[in-house]
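**Q** Contents are mmCIF, C-alpha atoms; file name data.cif:
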```
data_target
#
loop_
_atom_site.label_atom_id
_atom_site.label_comp_id
_atom_site.auth_asym_id
_atom_site.auth_seq_id
_atom_site.Cartn_x
_atom_site.Cartn_y
_atom_site.Cartn_z
CA MET A 295 -58.85 -12.03 -92.03
CA ALA A 296 -60.56 -9.78 -89.55
CA THR A 297 -60.18 -6.05 -90.05
CA THR A 298 -58.98 -3.52 -87.54
CA THR A 299 -60.61 -0.20 -86.73
CA ILE A 300 -58.85 2.81 -85.26
CA GLY A 301 -59.91 4.01 -81.84
CA ILE A 302 -57.34 2.83 -79.31
CA ASP A 303 -56.16 5.44 -76.83
CA ARG A 304 -52.56 6.66 -76.93
CA ASP A 305 -51.53 5.17 -73.58
CA THR A 306 -52.66 1.71 -74.68
CA LEU A 307 -50.91 2.00 -78.03
CA LEU A 308 -47.65 2.98 -76.35
CA TRP A 309 -48.04 0.23 -73.74
CA MET A 310 -48.45 -2.35 -76.50
CA TYR A 311 -45.42 -1.08 -78.37
CA THR A 312 -43.30 -0.91 -75.21
CA THR A 313 -44.33 -4.43 -74.20
CA MET A 314 -43.54 -5.90 -77.62
CA VAL A 315 -40.12 -4.26 -77.67
CA THR A 316 -39.42 -5.45 -74.13
CA ILE A 317 -40.30 -9.00 -75.16
CA ARG A 318 -38.03 -8.80 -78.21
CA ARG A 319 -35.05 -7.49 -76.21
CA PHE A 320 -35.68 -10.03 -73.43
CA GLU A 321 -35.77 -12.90 -75.92
CA GLU A 322 -32.62 -11.73 -77.67
CA GLN A 323 -30.81 -11.64 -74.34
CA SER A 324 -32.25 -15.00 -73.33
CA LYS A 325 -30.83 -16.52 -76.50
CA ARG A 326 -27.42 -15.06 -75.68
CA GLU A 327 -27.64 -16.59 -72.21
CA ALA A 328 -28.60 -19.95 -73.72
CA ASP A 329 -25.79 -19.78 -76.29
CA ALA A 330 -23.39 -19.16 -73.41
CA GLY A 331 -24.63 -22.32 -71.69
CA LYS A 332 -26.27 -20.51 -68.78
CA LEU A 333 -29.74 -21.97 -69.33
CA ARG A 334 -31.28 -25.01 -70.97
CA GLY A 335 -34.36 -25.56 -73.09
CA MET A 336 -34.69 -22.08 -74.58
CA HIS A 337 -37.67 -21.71 -76.96
CA SER A 338 -37.73 -18.23 -78.48
CA SER A 339 -40.95 -16.31 -79.16
CA ILE A 340 -39.29 -13.70 -81.39
CA GLY A 341 -41.80 -12.83 -84.10
CA GLN A 342 -44.87 -13.76 -82.06
CA GLU A 343 -44.94 -10.77 -79.69
CA ALA A 344 -48.18 -9.23 -80.98
CA VAL A 345 -50.41 -12.18 -80.12
CA PRO A 346 -50.36 -12.11 -76.30
CA VAL A 347 -49.85 -8.34 -76.10
CA GLY A 348 -53.05 -7.59 -77.99
CA VAL A 349 -55.07 -10.03 -75.89
CA CYS A 350 -53.50 -9.30 -72.49
CA ALA A 351 -54.09 -5.56 -72.96
CA HIS A 352 -57.68 -6.33 -71.87
CA LEU A 353 -56.87 -8.49 -68.84
CA ARG A 354 -56.70 -7.62 -65.16
CA ASP A 355 -54.25 -9.03 -62.64
CA ASP A 356 -56.97 -11.36 -61.37
CA ASP A 357 -57.63 -12.78 -64.83
CA TYR A 358 -55.75 -15.94 -65.66
CA VAL A 359 -53.24 -16.88 -68.35
CA LEU A 360 -51.78 -20.30 -69.04
CA GLY A 361 -48.95 -20.82 -71.48
CA THR A 362 -46.73 -23.27 -73.29
CA HIS A 363 -43.09 -24.30 -73.43
CA ARG A 364 -42.61 -21.06 -75.43
CA SER A 365 -44.09 -18.57 -72.97
CA HIS A 366 -41.75 -15.69 -72.18
CA HIS A 367 -43.92 -13.39 -74.28
CA HIS A 368 -47.08 -14.51 -72.49
CA CYS A 369 -45.48 -13.80 -69.11
CA ILE A 370 -44.23 -10.33 -70.03
CA ALA A 371 -47.55 -9.41 -71.67
CA LYS A 372 -49.31 -10.41 -68.41
CA GLY A 373 -47.07 -8.06 -66.45
CA LEU A 374 -44.48 -10.31 -64.82
CA ASP A 375 -41.25 -8.76 -63.51
CA ILE A 376 -38.51 -9.38 -66.08
CA LYS A 377 -35.82 -9.31 -63.37
CA GLN A 378 -37.48 -12.23 -61.64
CA MET A 379 -38.06 -13.91 -64.99
CA MET A 380 -34.40 -13.67 -66.02
CA ALA A 381 -33.35 -14.93 -62.59
CA GLU A 382 -35.67 -17.90 -63.06
CA LEU A 383 -34.15 -18.66 -66.44
CA LEU A 384 -30.71 -18.77 -64.83
CA GLY A 385 -31.90 -20.93 -61.95
CA LYS A 386 -31.46 -18.28 -59.27
CA SER A 387 -33.26 -18.10 -55.93
CA THR A 388 -34.70 -14.67 -56.78
CA GLY A 389 -36.62 -16.10 -59.73
CA THR A 390 -40.38 -16.32 -60.06
CA ASN A 391 -40.21 -19.98 -58.99
CA LYS A 392 -37.13 -19.62 -56.74
CA GLY A 393 -34.97 -20.95 -59.57
CA LYS A 394 -36.70 -24.33 -59.61
CA GLY A 395 -38.91 -23.98 -62.68
CA GLY A 396 -36.71 -22.55 -65.39
CA THR A 397 -37.65 -21.21 -68.79
CA MET A 398 -40.57 -23.60 -69.41
CA HIS A 399 -42.29 -23.31 -66.02
CA ILE A 400 -42.48 -19.61 -65.15
CA ALA A 401 -45.47 -18.68 -62.99
CA ASP A 402 -46.66 -15.75 -60.87
CA ILE A 403 -49.99 -16.26 -59.12
CA ASP A 404 -50.22 -12.60 -58.07
CA LYS A 405 -50.23 -11.60 -61.74
CA GLY A 406 -52.61 -14.35 -62.80
CA MET A 407 -49.89 -16.22 -64.70
CA LEU A 408 -50.67 -19.76 -63.62
CA GLY A 409 -47.70 -21.15 -65.44
CA ALA A 410 -45.96 -22.09 -68.59
CA ASN A 411 -45.73 -25.82 -69.21
CA GLY A 412 -43.30 -28.02 -71.08
CA VAL A 413 -45.92 -30.64 -71.98
CA VAL A 414 -47.65 -29.78 -75.25
CA GLY A 415 -51.35 -29.09 -74.78
CA SER A 416 -51.34 -29.84 -71.05
CA ASN A 417 -52.46 -26.38 -69.94
CA ILE A 418 -55.59 -26.37 -72.09
CA PRO A 419 -57.78 -28.45 -69.74
CA VAL A 420 -56.31 -26.55 -66.77
CA ALA A 421 -57.47 -23.26 -68.30
CA THR A 422 -60.93 -24.74 -68.76
CA GLY A 423 -60.98 -25.80 -65.12
CA VAL A 424 -59.95 -22.27 -64.14
CA GLY A 425 -62.84 -20.92 -66.20
CA LEU A 426 -65.20 -23.31 -64.45
CA SER A 427 -63.89 -22.10 -61.10
CA ALA A 428 -64.61 -18.49 -62.01
CA LYS A 429 -68.14 -19.37 -63.09
CA VAL A 430 -68.87 -21.40 -59.96
CA ARG A 431 -67.53 -18.60 -57.75
CA GLY A 432 -69.65 -16.06 -59.60
CA THR A 433 -66.80 -13.75 -60.63
CA ASP A 434 -66.26 -12.08 -63.98
CA GLN A 435 -62.71 -13.37 -64.28
CA VAL A 436 -61.46 -14.61 -67.64
CA SER A 437 -59.17 -17.54 -68.41
CA VAL A 438 -56.90 -17.35 -71.48
CA VAL A 439 -54.83 -20.27 -72.72
CA PHE A 440 -52.18 -19.94 -75.42
CA PHE A 441 -51.05 -22.97 -77.42
CA GLY A 442 -49.47 -23.77 -80.75
CA ASP A 443 -50.75 -25.39 -83.92
CA GLY A 444 -49.13 -28.64 -82.80
CA ALA A 445 -51.16 -28.67 -79.58
CA ALA A 446 -54.30 -28.06 -81.65
CA ASN A 447 -54.11 -31.74 -82.61
CA GLN A 448 -54.04 -32.94 -79.02
CA GLY A 449 -57.20 -34.61 -77.75
CA THR A 450 -57.15 -32.44 -74.64
CA LEU A 451 -58.07 -29.39 -76.72
CA HIS A 452 -61.23 -30.99 -78.04
CA GLU A 453 -62.29 -32.28 -74.64
CA ALA A 454 -61.71 -28.84 -73.12
CA MET A 455 -63.53 -27.01 -75.92
CA ASN A 456 -66.49 -29.35 -75.58
CA LEU A 457 -66.83 -28.67 -71.85
CA ALA A 458 -66.32 -24.93 -72.31
CA GLY A 459 -69.01 -24.90 -74.99
CA ILE A 460 -71.50 -26.93 -72.95
CA TRP A 461 -71.06 -24.88 -69.77
CA LYS A 462 -70.48 -21.49 -71.45
CA LEU A 463 -67.22 -21.00 -69.58
CA PRO A 464 -65.21 -17.73 -69.72
CA VAL A 465 -62.30 -19.31 -71.57
CA ILE A 466 -60.45 -17.86 -74.54
CA PHE A 467 -58.56 -20.43 -76.61
CA VAL A 468 -55.71 -18.70 -78.47
CA CYS A 469 -53.91 -20.87 -80.99
CA GLU A 470 -50.59 -19.30 -81.98
CA ASN A 471 -50.33 -20.85 -85.41
CA ASN A 472 -46.69 -20.23 -86.28
CA ARG A 473 -46.98 -22.74 -89.12
CA TYR A 474 -44.69 -25.42 -87.69
CA ALA A 475 -45.14 -27.97 -84.92
CA GLU A 476 -41.38 -28.25 -84.41
CA SER A 477 -40.64 -28.97 -88.09
CA THR A 478 -44.02 -30.28 -89.26
CA PRO A 479 -45.87 -27.78 -91.49
CA VAL A 480 -49.46 -27.01 -90.57
CA GLU A 481 -50.69 -27.97 -94.06
CA TYR A 482 -49.42 -31.49 -93.46
CA SER A 483 -50.93 -31.99 -90.02
CA VAL A 484 -54.24 -30.11 -89.97
CA ALA A 485 -57.27 -31.32 -91.91
CA GLY A 486 -59.92 -28.87 -92.99
CA GLU A 487 -59.84 -25.25 -94.02
CA SER A 488 -58.39 -23.94 -90.74
CA ILE A 489 -57.81 -24.72 -87.09
CA ALA A 490 -60.39 -22.10 -86.14
CA ALA A 491 -63.09 -23.93 -88.09
CA ARG A 492 -63.03 -26.72 -85.50
CA ALA A 493 -64.69 -24.43 -82.95
CA GLU A 494 -67.99 -24.65 -84.83
CA GLY A 495 -68.43 -28.19 -83.57
CA TYR A 496 -68.32 -26.93 -79.99
CA ASP A 497 -70.83 -24.12 -80.36
CA MET A 498 -68.37 -21.29 -79.92
CA PRO A 499 -67.44 -18.37 -82.15
CA SER A 500 -64.04 -18.44 -83.79
CA VAL A 501 -61.91 -16.04 -85.78
CA ILE A 502 -58.73 -16.18 -87.83
CA ALA A 503 -56.55 -13.26 -86.83
CA ASP A 504 -53.44 -11.67 -88.29
CA GLY A 505 -51.04 -12.49 -85.48
CA GLN A 506 -48.49 -10.09 -86.95
CA SER A 507 -50.78 -7.14 -86.17
CA VAL A 508 -51.09 -6.11 -82.53
CA LEU A 509 -53.93 -3.78 -83.51
CA GLU A 510 -55.96 -6.65 -84.92
CA MET A 511 -55.15 -8.85 -81.94
CA TYR A 512 -56.27 -6.01 -79.66
CA GLU A 513 -59.62 -5.63 -81.38
CA ILE A 514 -60.33 -9.35 -81.49
CA GLY A 515 -59.16 -9.75 -77.92
CA SER A 516 -61.51 -6.97 -76.83
CA GLU A 517 -64.54 -8.78 -78.21
CA ALA A 518 -63.53 -12.15 -76.78
CA VAL A 519 -62.74 -10.84 -73.30
CA ALA A 520 -65.93 -8.76 -73.14
CA ARG A 521 -67.99 -11.76 -74.20
CA ALA A 522 -66.39 -14.01 -71.59
CA ARG A 523 -66.82 -11.43 -68.80
CA ALA A 524 -70.48 -10.98 -69.62
CA GLY A 525 -71.18 -14.70 -69.37
CA GLY A 526 -71.35 -15.28 -73.12
CA GLY A 527 -68.97 -18.21 -73.07
CA PRO A 528 -65.75 -19.18 -74.84
CA THR A 529 -64.08 -17.89 -78.01
CA PHE A 530 -61.50 -19.56 -80.24
CA ILE A 531 -58.83 -17.37 -81.87
CA GLU A 532 -56.42 -18.71 -84.47
CA ALA A 533 -53.63 -16.14 -84.59
CA GLN A 534 -51.55 -16.70 -87.70
CA THR A 535 -48.00 -15.74 -86.78
CA TYR A 536 -44.41 -16.85 -87.30
CA ARG A 537 -41.43 -17.67 -85.12
CA TYR A 538 -38.27 -16.26 -86.62
CA LEU A 539 -35.88 -18.68 -84.93
CA GLY A 540 -35.90 -22.45 -84.74
CA HIS A 541 -38.10 -24.56 -82.50
CA PHE A 542 -35.26 -24.48 -79.97
CA GLY A 543 -31.64 -23.39 -79.89
CA ALA A 544 -30.16 -26.40 -81.69
CA ASP A 545 -32.81 -26.30 -84.44
CA ASN A 546 -30.45 -24.95 -87.07
CA PRO A 547 -30.23 -24.82 -90.03
CA LEU A 548 -33.96 -24.56 -90.65
CA ALA A 549 -34.00 -26.90 -93.62
CA TYR A 550 -37.78 -27.31 -93.43
CA ARG A 551 -38.40 -23.62 -94.28
CA THR A 552 -37.55 -21.55 -97.31
CA GLN A 553 -35.73 -18.22 -97.27
CA GLU A 554 -38.58 -16.74 -99.29
CA GLU A 555 -41.06 -17.69 -96.58
CA GLU A 556 -38.89 -16.27 -93.80
CA ASP A 557 -38.38 -13.02 -95.71
CA TYR A 558 -42.14 -12.68 -96.27
CA TYR A 559 -42.99 -12.87 -92.57
CA GLU A 560 -40.08 -10.76 -91.38
CA ALA A 561 -41.17 -8.04 -93.82
CA ARG A 562 -44.44 -7.96 -91.84
CA ASP A 563 -42.72 -7.80 -88.47
CA CYS A 564 -45.16 -6.79 -85.72
CA ILE A 565 -42.79 -4.26 -84.17
CA SER A 566 -41.76 -2.57 -87.41
CA THR A 567 -45.35 -2.25 -88.60
CA MET A 568 -46.35 -0.81 -85.23
CA VAL A 569 -43.61 1.81 -85.51
CA SER A 570 -45.00 2.81 -88.90
CA TYR A 571 -48.50 3.07 -87.45
CA LEU A 572 -47.39 5.20 -84.51
CA LEU A 573 -45.47 7.61 -86.74
CA GLU A 574 -48.03 7.85 -89.54
CA ASN A 575 -50.88 8.54 -87.10
CA ASP A 576 -48.93 11.04 -84.98
CA VAL A 577 -49.19 8.86 -81.89
CA ALA A 578 -45.47 9.19 -81.15
CA THR A 579 -42.43 10.92 -82.59
CA GLN A 580 -39.28 9.19 -83.73
CA GLU A 581 -37.54 10.52 -80.63
CA GLU A 582 -40.22 9.06 -78.35
CA ILE A 583 -39.97 5.69 -80.07
CA GLU A 584 -36.19 5.69 -79.71
CA ALA A 585 -36.56 6.54 -76.02
CA ILE A 586 -38.91 3.59 -75.53
CA ASP A 587 -36.48 1.31 -77.33
CA ALA A 588 -33.56 2.50 -75.20
CA ALA A 589 -35.52 2.08 -71.98
CA ALA A 590 -36.58 -1.45 -72.90
CA LEU A 591 -32.99 -2.43 -73.61
CA ALA A 592 -31.80 -0.83 -70.36
CA ASN A 593 -34.44 -2.73 -68.40
CA VAL A 594 -33.33 -6.03 -69.91
CA VAL A 595 -29.68 -5.22 -69.18
CA GLU A 596 -30.64 -4.48 -65.56
CA ALA A 597 -32.65 -7.70 -65.37
CA THR A 598 -29.64 -9.66 -66.58
CA ARG A 599 -27.36 -7.97 -64.05
CA PHE A 600 -29.86 -8.76 -61.29
CA ALA A 601 -30.00 -12.41 -62.36
CA ASP A 602 -26.22 -12.75 -62.65
CA GLU A 603 -25.68 -11.30 -59.18
CA SER A 604 -28.44 -13.33 -57.52
CA PRO A 605 -27.50 -16.51 -55.63
CA PHE A 606 -28.41 -20.03 -56.58
CA PRO A 607 -30.85 -21.75 -54.18
CA ASP A 608 -29.33 -23.28 -51.06
CA ASP A 609 -28.97 -27.08 -51.00
CA GLY A 610 -31.56 -27.13 -48.24
CA GLU A 611 -34.17 -25.89 -50.72
CA LEU A 612 -33.97 -29.07 -52.76
CA THR A 613 -37.14 -30.64 -51.39
CA THR A 614 -39.09 -27.51 -50.39
CA ASP A 615 -42.09 -26.50 -52.53
CA VAL A 616 -42.30 -30.08 -53.76
CA TYR A 617 -44.53 -31.88 -51.29
CA ILE A 618 -47.62 -30.74 -49.39
CA SER A 619 -48.15 -31.95 -45.83
CA TYR A 620 -51.70 -32.50 -44.62
CA ALA A 621 -52.31 -32.27 -40.88
#
```
Starting from the coordinates I provided, produce the structure as structure tokens.

**A**
Amino acid sequence: MATTTIGIDRDTLLWMYTTMVTIRRFEEQSKREADAGKLRGMHSSIGQEAVPVGVCAHLRDDDYVLGTHRSHHHCIAKGLDIKQMMAELLGKSTGTNKGKGGTMHIADIDKGMLGANGVVGSNIPVATGVGLSAKVRGTDQVSVVFFGDGAANQGTLHEAMNLAGIWKLPVIFVCENNRYAESTPVEYSVAGESIAARAEGYDMPSVIADGQSVLEMYEIGSEAVARARAGGGPTFIEAQTYRYLGHFGADNPLAYRTQEEEDYYEARDCISTMVSYLLENDVATQEEIEAIDAAALANVVEATRFADESPFPDDGELTTDVYISYA
């Protein structure tokens, strides 16, 4: 595992904590909405908050992020409006995609979030194309793609890594290894010592990161983003993390996991350990942390109210934003 050094400014530390808590509260509310039958296809990212927060802390609005079917945390870490996100989940016209995309297809071009995607591994070659675009245009923009350990076995990843390695593209491949591709354990489906080790064949540096530590993700993300911006090419990050809930809402009971394993990872919860760090290093007081927690919850409550009160799209919107007319 990579080690983390201290030296992050207070504002960044508090932003990371606030963002992780906001993700957690948003996901908890999203699950309640799904349980009430108000949205379909909910895939919770609870437990994985530290991975995108640590990386996205280094990104600008004009940098690009591409996600997965489990991407609420990617979107919030990239700065998307949670009111618009909740409205999108509920299919409302005020959503990021006017209520037409739903939980697995959230996007916001202005924030560089080019979209979540319900097809496993499909955004990986897109992210590589985005990186190629940045290089051809001569910008210092960075493309980051998040994907799971299941997608790591898709051929598209290897094709994309090969091109990124050949052309030294500013792409950061972040594998959120939460140990299970749906219910298949990573030990059963991945040959070799690690997923990260595969990057060696494509002439790019790789690192195995503690995905439960936002501090470690921040440090590793800093190196990868700086390298990409400077023209040094791609980086592969295997962030070892854990999703607390099932693959999706109906994935219960979780017969393929042990209680001992779940207890182990929850004891290393990224939010709880961050609270300990903030307190022990005098970054924030208990009162300040409680105020952040309360504000995050209030923002999610407001986002839910906004979504509930927003209208569904008009029937006339059925075929808009679907086809492009060429003169």

**Q** What is the distance between atom CA of Met568 of chain A and atom CA of Thr535 of chain A, in Å to one decimal?

**A** 15.1 Å

**Q** I'd like the residues picked by the PyMOL selection byres ((chain A and resi 410) around 7) written out as a list in words, using the chain letters and numbers from the file.

**A** Leu360, Gly361, Thr362, His363, Ser365, Met398, His399, Ile400, Ala401, Gly409, Asn411 and Gly412 of chain A

**Q** Could you check the closest approach to Gly543 of chain A for each of A:Ala351, A:Met314, A:Ala330, A:Ile302 and tell me which residue wins, using all atoms listed in the file?

**A**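 Smallest distance to Gly543 of chain A is found for A:Ala330.
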
**Q** Name the residues in contact with Glu560 of chain A at a cut-off of 9 Å, using only C-alpha atoms, excluding same-chain residues fewer than 3 positions from it; report them as a list in words.

**A**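 Within the cut-off, the hits are Gly341, Tyr536, Tyr538, Glu555, Glu556, Asp557, Asp563 and Cys564 of chain A.
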
**Q** Listing only residues of segment 487-558 of chain A within 10 Å of segment 427-434 of chain A, what is the closest atom pair and its distance in Å (to one decimal) for each, using only C-alpha atoms, sorted by chain and residue number ascending, as a tab-separated table?

**A**
```
residue	atom	partner	partner_atom	distance
A:Ala520	CA	A:Asp434	CA	9.7
A:Ala522	CA	A:Asp434	CA	7.9
A:Arg523	CA	A:Asp434	CA	4.9
A:Ala524	CA	A:Asp434	CA	7.1
A:Gly525	CA	A:Asp434	CA	7.8
```

**Q** Just the residues within 8 Å of Val424 of chain A, please, counting only C-alpha atoms, with nothing from its chain fewer than 4 positions along; format it as an MDAnalysis selection string.

**A** chainID A and resid 358 420 428 437

**Q** Using the chain letters and numbers from this file, what does the PyMOL selection byres ((chain A and resi 378) around 12) select? Give the answer as a count of residues only.

**A** 38

**Q** Show which residues sit within 10 Å of Met511 of chain A, as a VMD selection string. Count only C-alpha atoms, and ignore same-chain residues fewer than 4 positions away.

**A** chain A and resid 296 to 298 344 to 351 503 to 507 515 to 516 531 533

**Q** On this structure, which residues satisfy the PyMOL selection byres ((chain A and resi 590-593) around 8), written as a PyMOL selection string?

**A** chain A and resi 312+315-316+319+586-589+594-597

**Q** Could you tell me how far atom CA of Phe440 of chain A sits from atom CA of Glu476 of chain A, in Å to one decimal place?

**A** 16.3 Å

**Q** Choose the residue, out of A:Gly442, A:Gly486, A:Arg492, A:Leu426, that has the smallest atom-to-atom separation from Ile460 of chain A; count only C-alpha atoms.

**A**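 Nearest candidate to Ile460 of chain A out of A:Gly442, A:Gly486, A:Arg492, A:Leu426: A:Leu426.
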
**Q** What's the separation between atom CA of Val480 of chain A and atom CA of Arg537 of chain A, in Å to one decimal place?

**A**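 If I compute the distance from atom CA of Val480 of chain A to atom CA of Arg537 of chain A, I get 13.5 Å.
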
**Q** Restricting the calculation to all atoms listed in the file: of A:Asn472, A:Ser416, A:Ser570, A:Thr422, which residue gets closest to Thr450 of chain A?

**A**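 So, comparing all the options, the nearest one is A:Ser416.
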
**Q** In terms of the shortest atom-to-atom distance over all atoms listed in the file, which of A:Pro547, A:Pro499, A:Gly423, A:Gly415 is closest to Glu532 of chain A?

**A**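 For Glu532 of chain A, the nearest of the candidates is A:Pro499.
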
**Q** Using only C-alpha atoms, which of A:Val439, A:Met455, A:Leu353, A:Ile514 sits nearest Met498 of chain A?

**A** A:Met455

**Q** Show me as a ChimeraX atom specification the residues that reach within 7 Å of (-50.6, -22.5, -85.9), counting only C-alpha atoms and using the file's own coordinates.

**A** /A:442-443,469-474,480,534

**Q** Which is closer to Gly459 of chain A than all the others in A:Gly444, A:Tyr482, A:Thr529, A:Ser477, using all atoms listed in the file?

**A**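 Closest to Gly459 of chain A of all the choices is A:Thr529.
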